[in-house]
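Participant: My structure file coords-v5.cif, mmCIF, N, CA and C atoms, is below:
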```
data_coords
#
loop_
_atom_site.label_atom_id
_atom_site.label_comp_id
_atom_site.auth_asym_id
_atom_site.auth_seq_id
_atom_site.Cartn_x
_atom_site.Cartn_y
_atom_site.Cartn_z
N MET Q 80 10.76 -12.07 -27.64
CA MET Q 80 10.31 -12.58 -28.90
C MET Q 80 11.49 -13.13 -29.67
N SER Q 81 11.43 -14.37 -29.99
CA SER Q 81 12.54 -14.93 -30.77
C SER Q 81 12.05 -15.25 -32.16
N HIS Q 82 12.97 -15.21 -33.07
CA HIS Q 82 12.67 -15.50 -34.47
C HIS Q 82 13.32 -16.82 -34.84
N ALA Q 83 13.21 -17.17 -36.09
CA ALA Q 83 13.69 -18.46 -36.56
C ALA Q 83 15.18 -18.64 -36.29
N ASP Q 84 15.94 -17.55 -36.38
CA ASP Q 84 17.38 -17.70 -36.15
C ASP Q 84 17.73 -17.66 -34.68
N GLY Q 85 16.74 -17.37 -33.80
CA GLY Q 85 16.98 -17.38 -32.36
C GLY Q 85 17.67 -16.14 -31.83
N SER Q 86 17.83 -15.12 -32.65
CA SER Q 86 18.56 -13.93 -32.21
C SER Q 86 17.71 -12.98 -31.40
N GLY Q 87 16.39 -13.04 -31.53
CA GLY Q 87 15.53 -12.09 -30.85
C GLY Q 87 15.39 -10.78 -31.59
N HIS Q 88 15.98 -10.69 -32.78
CA HIS Q 88 15.92 -9.48 -33.58
C HIS Q 88 15.16 -9.77 -34.86
N SER Q 89 14.62 -8.71 -35.45
CA SER Q 89 13.91 -8.87 -36.71
C SER Q 89 14.91 -8.99 -37.86
N GLN Q 90 14.39 -9.15 -39.06
CA GLN Q 90 15.24 -9.33 -40.23
C GLN Q 90 16.18 -8.15 -40.48
N ASN Q 91 15.69 -6.94 -40.18
CA ASN Q 91 16.52 -5.77 -40.43
C ASN Q 91 17.43 -5.41 -39.24
N GLY Q 92 17.52 -6.28 -38.24
CA GLY Q 92 18.43 -6.08 -37.12
C GLY Q 92 17.86 -5.29 -35.97
N GLU Q 93 16.59 -4.88 -36.05
CA GLU Q 93 15.98 -4.14 -34.97
C GLU Q 93 15.54 -5.09 -33.87
N ALA Q 94 15.55 -4.60 -32.65
CA ALA Q 94 15.22 -5.44 -31.51
C ALA Q 94 13.72 -5.70 -31.40
N PHE Q 95 12.90 -4.81 -31.92
CA PHE Q 95 11.46 -4.96 -31.81
C PHE Q 95 10.83 -4.83 -33.18
N PRO Q 96 9.78 -5.57 -33.43
CA PRO Q 96 9.08 -5.39 -34.70
C PRO Q 96 8.36 -4.04 -34.72
N GLU Q 97 8.00 -3.61 -35.90
CA GLU Q 97 7.40 -2.29 -36.08
C GLU Q 97 6.13 -2.10 -35.26
N ASP Q 98 5.30 -3.13 -35.10
CA ASP Q 98 4.01 -2.94 -34.45
C ASP Q 98 4.10 -2.84 -32.93
N SER Q 99 5.23 -3.14 -32.30
CA SER Q 99 5.30 -3.08 -30.85
C SER Q 99 6.22 -1.97 -30.34
N ARG Q 100 6.55 -1.01 -31.18
CA ARG Q 100 7.41 0.10 -30.75
C ARG Q 100 6.67 1.00 -29.78
N LEU Q 101 7.41 1.54 -28.81
CA LEU Q 101 6.84 2.51 -27.89
C LEU Q 101 6.70 3.85 -28.60
N THR Q 102 5.57 4.45 -28.42
CA THR Q 102 5.34 5.78 -28.96
C THR Q 102 5.07 6.72 -27.80
N ARG Q 103 4.86 7.96 -28.12
CA ARG Q 103 4.57 8.94 -27.09
C ARG Q 103 3.27 8.61 -26.36
N ASP Q 104 2.37 7.94 -27.02
CA ASP Q 104 1.07 7.64 -26.45
C ASP Q 104 0.98 6.25 -25.83
N THR Q 105 2.05 5.49 -25.84
CA THR Q 105 2.04 4.15 -25.27
C THR Q 105 2.08 4.25 -23.75
N ALA Q 106 1.14 3.61 -23.09
CA ALA Q 106 1.10 3.62 -21.63
C ALA Q 106 2.19 2.69 -21.10
N ILE Q 107 3.03 3.20 -20.21
CA ILE Q 107 4.05 2.35 -19.61
C ILE Q 107 3.70 1.99 -18.18
N ARG Q 108 2.67 2.62 -17.63
CA ARG Q 108 2.20 2.30 -16.28
C ARG Q 108 0.68 2.33 -16.27
N GLY Q 109 0.12 1.45 -15.46
CA GLY Q 109 -1.32 1.45 -15.27
C GLY Q 109 -1.72 2.53 -14.28
N PRO Q 110 -3.00 2.63 -13.95
CA PRO Q 110 -3.45 3.64 -13.01
C PRO Q 110 -2.90 3.40 -11.61
N ALA Q 111 -2.63 4.48 -10.91
CA ALA Q 111 -2.02 4.39 -9.57
C ALA Q 111 -3.10 4.24 -8.51
N ARG Q 112 -2.77 3.47 -7.48
CA ARG Q 112 -3.58 3.41 -6.27
C ARG Q 112 -2.95 4.35 -5.26
N PRO Q 113 -3.71 5.18 -4.58
CA PRO Q 113 -3.11 6.17 -3.67
C PRO Q 113 -2.60 5.58 -2.36
N ALA Q 114 -3.10 4.45 -1.91
CA ALA Q 114 -2.75 3.93 -0.59
C ALA Q 114 -1.24 3.71 -0.39
N PRO Q 115 -0.50 3.08 -1.32
CA PRO Q 115 0.93 2.90 -1.09
C PRO Q 115 1.69 4.22 -0.99
N TYR Q 116 1.28 5.21 -1.77
CA TYR Q 116 1.96 6.49 -1.74
C TYR Q 116 1.65 7.26 -0.45
N ILE Q 117 0.41 7.16 0.02
CA ILE Q 117 0.05 7.79 1.29
C ILE Q 117 0.79 7.11 2.43
N GLY Q 118 0.85 5.78 2.41
CA GLY Q 118 1.59 5.06 3.45
C GLY Q 118 3.06 5.42 3.47
N ALA Q 119 3.67 5.52 2.29
CA ALA Q 119 5.08 5.90 2.22
C ALA Q 119 5.28 7.32 2.73
N GLY Q 120 4.36 8.22 2.42
CA GLY Q 120 4.46 9.59 2.91
C GLY Q 120 4.35 9.67 4.42
N ILE Q 121 3.48 8.86 5.00
CA ILE Q 121 3.34 8.85 6.46
C ILE Q 121 4.60 8.31 7.12
N LEU Q 122 5.16 7.24 6.56
CA LEU Q 122 6.40 6.69 7.12
C LEU Q 122 7.54 7.70 7.04
N LEU Q 123 7.67 8.37 5.91
CA LEU Q 123 8.74 9.37 5.76
C LEU Q 123 8.49 10.59 6.65
N ALA Q 124 7.24 10.99 6.80
CA ALA Q 124 6.92 12.13 7.69
C ALA Q 124 7.28 11.80 9.13
N ALA Q 125 7.01 10.56 9.56
CA ALA Q 125 7.36 10.16 10.93
C ALA Q 125 8.87 10.19 11.12
N ALA Q 126 9.61 9.71 10.12
CA ALA Q 126 11.07 9.69 10.23
C ALA Q 126 11.65 11.09 10.28
N ILE Q 127 10.97 12.05 9.69
CA ILE Q 127 11.48 13.43 9.67
C ILE Q 127 10.97 14.22 10.88
N LEU Q 128 9.69 14.11 11.18
CA LEU Q 128 9.09 15.00 12.18
C LEU Q 128 9.40 14.63 13.63
N PHE Q 129 9.38 13.36 13.98
CA PHE Q 129 9.60 12.99 15.38
C PHE Q 129 10.96 13.44 15.92
N PRO Q 130 12.05 13.29 15.17
CA PRO Q 130 13.32 13.83 15.70
C PRO Q 130 13.36 15.36 15.75
N LEU Q 131 12.47 16.02 15.04
CA LEU Q 131 12.44 17.48 15.05
C LEU Q 131 11.57 18.07 16.16
N LEU Q 132 10.99 17.24 16.99
CA LEU Q 132 10.15 17.70 18.10
C LEU Q 132 10.91 17.50 19.42
N PRO Q 133 11.73 18.47 19.84
CA PRO Q 133 12.55 18.27 21.03
C PRO Q 133 11.74 18.15 22.32
N GLN Q 134 10.51 18.64 22.35
CA GLN Q 134 9.71 18.50 23.57
C GLN Q 134 9.40 17.04 23.88
N LEU Q 135 9.58 16.15 22.90
CA LEU Q 135 9.37 14.71 23.13
C LEU Q 135 10.54 14.05 23.85
N TYR Q 136 11.73 14.63 23.72
CA TYR Q 136 12.91 13.96 24.27
C TYR Q 136 13.84 14.88 25.07
N ALA Q 137 13.38 16.01 25.52
CA ALA Q 137 14.22 16.94 26.28
C ALA Q 137 14.22 16.57 27.77
N PHE Q 138 14.61 15.33 28.05
CA PHE Q 138 14.64 14.84 29.43
C PHE Q 138 15.98 14.17 29.69
N ASP Q 139 16.37 14.18 30.96
CA ASP Q 139 17.61 13.52 31.35
C ASP Q 139 17.37 12.05 31.67
N ALA Q 140 16.23 11.77 32.28
CA ALA Q 140 15.92 10.39 32.67
C ALA Q 140 14.89 9.84 31.69
N PRO Q 141 14.82 8.60 31.41
CA PRO Q 141 15.63 7.49 31.91
C PRO Q 141 16.97 7.42 31.19
N ARG Q 142 17.95 6.96 31.92
CA ARG Q 142 19.29 6.82 31.34
C ARG Q 142 19.47 5.39 30.86
N LEU Q 143 20.25 5.25 29.79
CA LEU Q 143 20.55 3.94 29.23
C LEU Q 143 22.06 3.81 29.16
N GLY Q 144 22.61 3.00 30.03
CA GLY Q 144 24.07 2.83 30.08
C GLY Q 144 24.78 4.12 30.49
N GLY Q 145 24.14 4.92 31.34
CA GLY Q 145 24.71 6.18 31.78
C GLY Q 145 24.48 7.32 30.80
N MET Q 146 23.87 7.05 29.65
CA MET Q 146 23.62 8.06 28.63
C MET Q 146 22.24 8.69 28.86
N PRO Q 147 22.15 10.02 28.88
CA PRO Q 147 20.85 10.67 29.07
C PRO Q 147 19.87 10.32 27.96
N PHE Q 148 18.59 10.42 28.29
CA PHE Q 148 17.52 10.05 27.36
C PHE Q 148 17.62 10.82 26.04
N PHE Q 149 17.89 12.12 26.08
CA PHE Q 149 17.88 12.91 24.85
C PHE Q 149 18.97 12.47 23.88
N TYR Q 150 20.05 11.86 24.36
CA TYR Q 150 21.08 11.34 23.45
C TYR Q 150 20.65 10.02 22.81
N TRP Q 151 20.25 9.07 23.67
CA TRP Q 151 19.94 7.76 23.09
C TRP Q 151 18.65 7.77 22.30
N TYR Q 152 17.72 8.70 22.59
CA TYR Q 152 16.51 8.82 21.78
C TYR Q 152 16.86 9.25 20.35
N GLN Q 153 17.75 10.24 20.24
CA GLN Q 153 18.16 10.68 18.90
C GLN Q 153 18.95 9.60 18.17
N LEU Q 154 19.81 8.90 18.89
CA LEU Q 154 20.56 7.81 18.25
C LEU Q 154 19.66 6.66 17.84
N LEU Q 155 18.59 6.44 18.58
CA LEU Q 155 17.64 5.40 18.24
C LEU Q 155 16.94 5.69 16.92
N TRP Q 156 16.78 6.97 16.59
CA TRP Q 156 16.10 7.34 15.35
C TRP Q 156 16.93 7.09 14.11
N VAL Q 157 18.21 6.86 14.24
CA VAL Q 157 19.04 6.58 13.06
C VAL Q 157 18.61 5.25 12.42
N PRO Q 158 18.61 4.12 13.15
CA PRO Q 158 18.14 2.88 12.50
C PRO Q 158 16.64 2.87 12.23
N VAL Q 159 15.86 3.54 13.10
CA VAL Q 159 14.41 3.59 12.87
C VAL Q 159 14.12 4.34 11.57
N SER Q 160 14.81 5.45 11.34
CA SER Q 160 14.62 6.20 10.09
C SER Q 160 15.05 5.39 8.88
N ALA Q 161 16.12 4.62 9.02
CA ALA Q 161 16.56 3.77 7.91
C ALA Q 161 15.50 2.71 7.60
N ILE Q 162 14.92 2.13 8.61
CA ILE Q 162 13.87 1.12 8.42
C ILE Q 162 12.63 1.74 7.79
N LEU Q 163 12.23 2.91 8.28
CA LEU Q 163 11.05 3.58 7.72
C LEU Q 163 11.28 4.01 6.27
N THR Q 164 12.47 4.49 5.97
CA THR Q 164 12.79 4.89 4.60
C THR Q 164 12.81 3.67 3.67
N GLY Q 165 13.42 2.58 4.12
CA GLY Q 165 13.43 1.36 3.32
C GLY Q 165 12.04 0.80 3.09
N SER Q 166 11.20 0.87 4.12
CA SER Q 166 9.83 0.39 3.98
C SER Q 166 9.05 1.22 2.98
N SER Q 167 9.22 2.54 3.03
CA SER Q 167 8.51 3.39 2.07
C SER Q 167 9.02 3.15 0.65
N TYR Q 168 10.31 2.90 0.51
CA TYR Q 168 10.87 2.57 -0.81
C TYR Q 168 10.25 1.28 -1.34
N LEU Q 169 10.14 0.28 -0.49
CA LEU Q 169 9.55 -0.99 -0.91
C LEU Q 169 8.08 -0.82 -1.31
N LEU Q 170 7.34 -0.01 -0.55
CA LEU Q 170 5.94 0.24 -0.90
C LEU Q 170 5.81 0.88 -2.28
N VAL Q 171 6.62 1.89 -2.54
CA VAL Q 171 6.52 2.62 -3.81
C VAL Q 171 7.00 1.76 -4.97
N THR Q 172 8.10 1.02 -4.81
CA THR Q 172 8.59 0.19 -5.91
C THR Q 172 7.65 -0.98 -6.19
N LYS Q 173 7.03 -1.52 -5.15
CA LYS Q 173 6.06 -2.60 -5.37
C LYS Q 173 4.86 -2.09 -6.16
N GLU Q 174 4.39 -0.89 -5.83
CA GLU Q 174 3.28 -0.30 -6.58
C GLU Q 174 3.69 0.01 -8.01
N ASP Q 175 4.91 0.49 -8.20
CA ASP Q 175 5.38 0.79 -9.55
C ASP Q 175 5.48 -0.48 -10.39
N ARG Q 176 5.97 -1.56 -9.80
CA ARG Q 176 6.03 -2.85 -10.52
C ARG Q 176 4.63 -3.33 -10.89
N ARG Q 177 3.68 -3.17 -9.96
CA ARG Q 177 2.30 -3.58 -10.24
C ARG Q 177 1.72 -2.77 -11.40
N ARG Q 178 1.98 -1.46 -11.39
CA ARG Q 178 1.47 -0.60 -12.46
C ARG Q 178 2.10 -0.94 -13.80
N ARG Q 179 3.39 -1.22 -13.82
CA ARG Q 179 4.05 -1.59 -15.07
C ARG Q 179 3.55 -2.94 -15.59
N ALA Q 180 3.35 -3.90 -14.67
CA ALA Q 180 2.84 -5.21 -15.09
C ALA Q 180 1.42 -5.08 -15.64
N GLU Q 181 0.63 -4.22 -15.04
CA GLU Q 181 -0.73 -4.00 -15.52
C GLU Q 181 -0.73 -3.40 -16.91
N ALA Q 182 0.19 -2.47 -17.15
CA ALA Q 182 0.27 -1.86 -18.48
C ALA Q 182 0.77 -2.87 -19.50
N ARG Q 183 1.71 -3.74 -19.12
CA ARG Q 183 2.21 -4.76 -20.05
C ARG Q 183 1.14 -5.79 -20.36
N ALA Q 184 0.35 -6.15 -19.35
CA ALA Q 184 -0.69 -7.16 -19.56
C ALA Q 184 -1.78 -6.63 -20.48
N GLY Q 185 -2.06 -5.34 -20.38
CA GLY Q 185 -3.08 -4.74 -21.24
C GLY Q 185 -2.57 -4.49 -22.63
N GLY Q 186 -1.25 -4.44 -22.78
CA GLY Q 186 -0.66 -4.18 -24.08
C GLY Q 186 -0.72 -2.70 -24.42
N PRO Q 187 -0.08 -2.33 -25.51
CA PRO Q 187 -0.12 -0.93 -25.93
C PRO Q 187 -1.51 -0.56 -26.40
N PRO Q 188 -1.91 0.71 -26.22
CA PRO Q 188 -3.24 1.11 -26.69
C PRO Q 188 -3.32 1.03 -28.21
N GLN Q 189 -4.49 0.70 -28.69
CA GLN Q 189 -4.71 0.60 -30.14
C GLN Q 189 -4.73 2.00 -30.75
N ALA Q 190 -4.35 2.09 -32.00
CA ALA Q 190 -4.23 3.39 -32.67
C ALA Q 190 -5.56 4.13 -32.72
N GLY Q 191 -6.68 3.45 -32.81
CA GLY Q 191 -7.97 4.11 -32.91
C GLY Q 191 -8.66 4.30 -31.58
N SER Q 192 -8.08 3.84 -30.48
CA SER Q 192 -8.76 3.94 -29.19
C SER Q 192 -8.61 5.33 -28.61
N ALA Q 193 -9.47 5.65 -27.64
CA ALA Q 193 -9.45 6.98 -27.03
C ALA Q 193 -8.16 7.20 -26.24
N SER Q 194 -7.63 6.14 -25.60
CA SER Q 194 -6.41 6.32 -24.80
C SER Q 194 -5.19 6.60 -25.66
N ALA Q 195 -5.22 6.15 -26.90
CA ALA Q 195 -4.10 6.44 -27.79
C ALA Q 195 -4.14 7.88 -28.28
N ARG Q 196 -5.35 8.42 -28.41
CA ARG Q 196 -5.47 9.80 -28.87
C ARG Q 196 -5.28 10.79 -27.73
N THR Q 197 -5.54 10.38 -26.50
CA THR Q 197 -5.47 11.28 -25.36
C THR Q 197 -4.12 11.12 -24.69
N GLY Q 198 -3.33 12.15 -24.67
CA GLY Q 198 -2.02 12.11 -24.03
C GLY Q 198 -2.12 12.60 -22.61
N LEU Q 199 -1.00 13.07 -22.06
CA LEU Q 199 -0.96 13.57 -20.70
C LEU Q 199 -1.76 14.84 -20.55
N GLY Q 200 -1.91 15.61 -21.58
CA GLY Q 200 -2.60 16.88 -21.50
C GLY Q 200 -4.10 16.79 -21.69
N GLY Q 201 -4.67 15.62 -21.78
CA GLY Q 201 -6.10 15.46 -21.98
C GLY Q 201 -6.44 15.43 -23.46
N ASP Q 202 -7.63 15.93 -23.81
CA ASP Q 202 -8.07 15.93 -25.20
C ASP Q 202 -7.44 17.10 -25.93
N ARG Q 203 -6.37 16.81 -26.61
CA ARG Q 203 -5.69 17.82 -27.41
C ARG Q 203 -5.70 17.39 -28.86
N PRO Q 204 -5.74 18.36 -29.76
CA PRO Q 204 -5.69 17.98 -31.19
C PRO Q 204 -4.31 17.51 -31.58
#
```
Would you kindly transcribe this structure into structure tokens?

Facilitator:
Amino acid sequence: MSHADGSGHSQNGEAFPEDSRLTRDTAIRGPARPAPYIGAGILLAAAILFPLLPQLYAFDAPRLGGMPFFYWYQLLWVPVSAILTGSSYLLVTKEDRRRRAEARAGGPPQAGSASARTGLGGDRP
């Protein structure tokens, strides 16, 4: 928001006008969709659980460059885990950006609306 002087500040030097200040009841995120969080959890669970199951890789053959299977299988999980962790991070941050944009598009709740009166704890006086 810019003003006549182009500074982006109000007359009294504040960055935001009085009516757009964040309050305790201002929504900063829209409602969450569970799918991205479930997908991220599955990716992270795979990165953690598969290397912890030695019955999957307790074999000598096949060898890769003279290296037994149990060594190169574990080494293979280093970049795979990095890719899975990065993918889960992207899923969660994309959902968080979507939720924040949804809250910005809807604007802050009005003072008389039910969402402004209802905080995180539900209907409290």

Participant: Once the PyMOL selection byres (((chain Q and resi 123 and name CA) around 12) and name CA) has been applied to the shown file, what residues remain in the selection, as a PDB file with N, CA and C atoms, in the frame of the given file?

Facilitator:
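Below is the file expr-v4.pdb, written as the result:
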```
ATOM      1  N   TYR Q 116       1.280   5.210  -1.770  1.00  0.00           N
ATOM      2  CA  TYR Q 116       1.960   6.490  -1.740  1.00  0.00           C
ATOM      3  C   TYR Q 116       1.650   7.260  -0.450  1.00  0.00           C
ATOM      4  N   ILE Q 117       0.410   7.160   0.020  1.00  0.00           N
ATOM      5  CA  ILE Q 117       0.050   7.790   1.290  1.00  0.00           C
ATOM      6  C   ILE Q 117       0.790   7.110   2.430  1.00  0.00           C
ATOM      7  N   GLY Q 118       0.850   5.780   2.410  1.00  0.00           N
ATOM      8  CA  GLY Q 118       1.590   5.060   3.450  1.00  0.00           C
ATOM      9  C   GLY Q 118       3.060   5.420   3.470  1.00  0.00           C
ATOM     10  N   ALA Q 119       3.670   5.520   2.290  1.00  0.00           N
ATOM     11  CA  ALA Q 119       5.080   5.900   2.220  1.00  0.00           C
ATOM     12  C   ALA Q 119       5.280   7.320   2.730  1.00  0.00           C
ATOM     13  N   GLY Q 120       4.360   8.220   2.420  1.00  0.00           N
ATOM     14  CA  GLY Q 120       4.460   9.590   2.910  1.00  0.00           C
ATOM     15  C   GLY Q 120       4.350   9.670   4.420  1.00  0.00           C
ATOM     16  N   ILE Q 121       3.480   8.860   5.000  1.00  0.00           N
ATOM     17  CA  ILE Q 121       3.340   8.850   6.460  1.00  0.00           C
ATOM     18  C   ILE Q 121       4.600   8.310   7.120  1.00  0.00           C
ATOM     19  N   LEU Q 122       5.160   7.240   6.560  1.00  0.00           N
ATOM     20  CA  LEU Q 122       6.400   6.690   7.120  1.00  0.00           C
ATOM     21  C   LEU Q 122       7.540   7.700   7.040  1.00  0.00           C
ATOM     22  N   ALA Q 124       7.240  10.990   6.800  1.00  0.00           N
ATOM     23  CA  ALA Q 124       6.920  12.130   7.690  1.00  0.00           C
ATOM     24  C   ALA Q 124       7.280  11.800   9.130  1.00  0.00           C
ATOM     25  N   ALA Q 125       7.010  10.560   9.560  1.00  0.00           N
ATOM     26  CA  ALA Q 125       7.360  10.160  10.930  1.00  0.00           C
ATOM     27  C   ALA Q 125       8.870  10.190  11.120  1.00  0.00           C
ATOM     28  N   ALA Q 126       9.610   9.710  10.120  1.00  0.00           N
ATOM     29  CA  ALA Q 126      11.070   9.690  10.230  1.00  0.00           C
ATOM     30  C   ALA Q 126      11.650  11.090  10.280  1.00  0.00           C
ATOM     31  N   ILE Q 127      10.970  12.050   9.690  1.00  0.00           N
ATOM     32  CA  ILE Q 127      11.480  13.430   9.670  1.00  0.00           C
ATOM     33  C   ILE Q 127      10.970  14.220  10.880  1.00  0.00           C
ATOM     34  N   LEU Q 128       9.690  14.110  11.180  1.00  0.00           N
ATOM     35  CA  LEU Q 128       9.090  15.000  12.180  1.00  0.00           C
ATOM     36  C   LEU Q 128       9.400  14.630  13.630  1.00  0.00           C
ATOM     37  N   PHE Q 129       9.380  13.360  13.980  1.00  0.00           N
ATOM     38  CA  PHE Q 129       9.600  12.990  15.380  1.00  0.00           C
ATOM     39  C   PHE Q 129      10.960  13.440  15.920  1.00  0.00           C
ATOM     40  N   PRO Q 130      12.050  13.290  15.170  1.00  0.00           N
ATOM     41  CA  PRO Q 130      13.320  13.830  15.700  1.00  0.00           C
ATOM     42  C   PRO Q 130      13.360  15.360  15.750  1.00  0.00           C
ATOM     43  N   VAL Q 159      15.860   3.540  13.100  1.00  0.00           N
ATOM     44  CA  VAL Q 159      14.410   3.590  12.870  1.00  0.00           C
ATOM     45  C   VAL Q 159      14.120   4.340  11.570  1.00  0.00           C
ATOM     46  N   SER Q 160      14.810   5.450  11.340  1.00  0.00           N
ATOM     47  CA  SER Q 160      14.620   6.200  10.090  1.00  0.00           C
ATOM     48  C   SER Q 160      15.050   5.390   8.880  1.00  0.00           C
ATOM     49  N   ALA Q 161      16.120   4.620   9.020  1.00  0.00           N
ATOM     50  CA  ALA Q 161      16.560   3.770   7.910  1.00  0.00           C
ATOM     51  C   ALA Q 161      15.500   2.710   7.600  1.00  0.00           C
ATOM     52  N   ILE Q 162      14.920   2.130   8.610  1.00  0.00           N
ATOM     53  CA  ILE Q 162      13.870   1.120   8.420  1.00  0.00           C
ATOM     54  C   ILE Q 162      12.630   1.740   7.790  1.00  0.00           C
ATOM     55  N   LEU Q 163      12.230   2.910   8.280  1.00  0.00           N
ATOM     56  CA  LEU Q 163      11.050   3.580   7.720  1.00  0.00           C
ATOM     57  C   LEU Q 163      11.280   4.010   6.270  1.00  0.00           C
ATOM     58  N   THR Q 164      12.470   4.490   5.970  1.00  0.00           N
ATOM     59  CA  THR Q 164      12.790   4.890   4.600  1.00  0.00           C
ATOM     60  C   THR Q 164      12.810   3.670   3.670  1.00  0.00           C
ATOM     61  N   GLY Q 165      13.420   2.580   4.120  1.00  0.00           N
ATOM     62  CA  GLY Q 165      13.430   1.360   3.320  1.00  0.00           C
ATOM     63  C   GLY Q 165      12.040   0.800   3.090  1.00  0.00           C
ATOM     64  N   SER Q 166      11.200   0.870   4.120  1.00  0.00           N
ATOM     65  CA  SER Q 166       9.830   0.390   3.980  1.00  0.00           C
ATOM     66  C   SER Q 166       9.050   1.220   2.980  1.00  0.00           C
ATOM     67  N   SER Q 167       9.220   2.540   3.030  1.00  0.00           N
ATOM     68  CA  SER Q 167       8.510   3.390   2.070  1.00  0.00           C
ATOM     69  C   SER Q 167       9.020   3.150   0.650  1.00  0.00           C
ATOM     70  N   TYR Q 168      10.310   2.900   0.510  1.00  0.00           N
ATOM     71  CA  TYR Q 168      10.870   2.570  -0.810  1.00  0.00           C
ATOM     72  C   TYR Q 168      10.250   1.280  -1.340  1.00  0.00           C
ATOM     73  N   LEU Q 170       7.340  -0.010  -0.550  1.00  0.00           N
ATOM     74  CA  LEU Q 170       5.940   0.240  -0.900  1.00  0.00           C
ATOM     75  C   LEU Q 170       5.810   0.880  -2.280  1.00  0.00           C
ATOM     76  N   VAL Q 171       6.620   1.890  -2.540  1.00  0.00           N
ATOM     77  CA  VAL Q 171       6.520   2.620  -3.810  1.00  0.00           C
ATOM     78  C   VAL Q 171       7.000   1.760  -4.970  1.00  0.00           C
TER      79      VAL Q 171
END
```

Participant: Take the PyMOL selection byres ((chain Q and resi 134-139) around 7), run it mentally on this structure, and tell me the resulting residues as a short mmCIF file (atom, residue, chain, number, x, y, z; two decimals) with N, CA and C atoms, keeping the file's coordinate frame.

Facilitator:
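result26.cif was written with the following content:
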```
data_model
loop_
_atom_site.label_atom_id
_atom_site.label_comp_id
_atom_site.auth_asym_id
_atom_site.auth_seq_id
_atom_site.Cartn_x
_atom_site.Cartn_y
_atom_site.Cartn_z
N LEU Q 131 12.47 16.02 15.04
CA LEU Q 131 12.44 17.48 15.05
C LEU Q 131 11.57 18.07 16.16
N LEU Q 132 10.99 17.24 16.99
CA LEU Q 132 10.15 17.70 18.10
C LEU Q 132 10.91 17.50 19.42
N PRO Q 133 11.73 18.47 19.84
CA PRO Q 133 12.55 18.27 21.03
C PRO Q 133 11.74 18.15 22.32
N ALA Q 140 16.23 11.77 32.28
CA ALA Q 140 15.92 10.39 32.67
C ALA Q 140 14.89 9.84 31.69
N PRO Q 141 14.82 8.60 31.41
CA PRO Q 141 15.63 7.49 31.91
C PRO Q 141 16.97 7.42 31.19
N ARG Q 142 17.95 6.96 31.92
CA ARG Q 142 19.29 6.82 31.34
C ARG Q 142 19.47 5.39 30.86
N MET Q 146 23.87 7.05 29.65
CA MET Q 146 23.62 8.06 28.63
C MET Q 146 22.24 8.69 28.86
N PRO Q 147 22.15 10.02 28.88
CA PRO Q 147 20.85 10.67 29.07
C PRO Q 147 19.87 10.32 27.96
N PHE Q 148 18.59 10.42 28.29
CA PHE Q 148 17.52 10.05 27.36
C PHE Q 148 17.62 10.82 26.04
N PHE Q 149 17.89 12.12 26.08
CA PHE Q 149 17.88 12.91 24.85
C PHE Q 149 18.97 12.47 23.88
N TYR Q 150 20.05 11.86 24.36
CA TYR Q 150 21.08 11.34 23.45
C TYR Q 150 20.65 10.02 22.81
N TYR Q 152 17.72 8.70 22.59
CA TYR Q 152 16.51 8.82 21.78
C TYR Q 152 16.86 9.25 20.35
#
```

Participant: For the atom pair CA of Ala182 (chain Q) and CA of Leu169 (chain Q), what is the interatomic distance in Å to one decimal place?

Facilitator: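 Going from CA of Ala182 (chain Q) over to CA of Leu169 (chain Q), I get 19.9 Å.
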
Participant: Centre and edge lengths of an axis-aligned box around all listed atoms of region 172-188 of chain Q, with 5 Å added on each side, are to be given in Å to one decimal, as AutoDock Vina command-line options.

Facilitator:
```
--center_x 2.6 --center_y -3.0 --center_z -16.5 --size_x 21.9 --size_y 18.3 --size_z 33.4
```

Participant: So what do you get for CA of Gly145 (chain Q) versus atom C of Pro158 (chain Q), distance-wise?

Facilitator: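 Separation of CA of Gly145 (chain Q) and atom C of Pro158 (chain Q): 21.4 Å.
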
Participant: For each of Q:Arg179, Q:Glu174, Q:Gly144, Q:Trp156, take the minimum atom-to-atom distance to Arg108 (chain Q), counting only N, CA and C atoms, then give the residue where this is smallest.

Facilitator: Q:Arg179

Participant: When you draw a straight line from atom C of Thr172 (chain Q) to atom C of Ala106 (chain Q), how long is it in Å?

Facilitator: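 Between these atoms lies a distance of 16.3 Å.
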
Participant: As a count of residues only, please: the residues near Arg183 (chain Q) (cut-off 10 Å, only C-alpha atoms, same-chain neighbours under 2 positions excluded).

Facilitator: 12

Participant: Would you return as a PyMOL selection string the members of region 96-191 of chain Q that DSSP assigns to helix (DSSP H, G or I) on this structure's backbone?

Facilitator: chain Q and resi 97-99+113-131+133-135+148-185
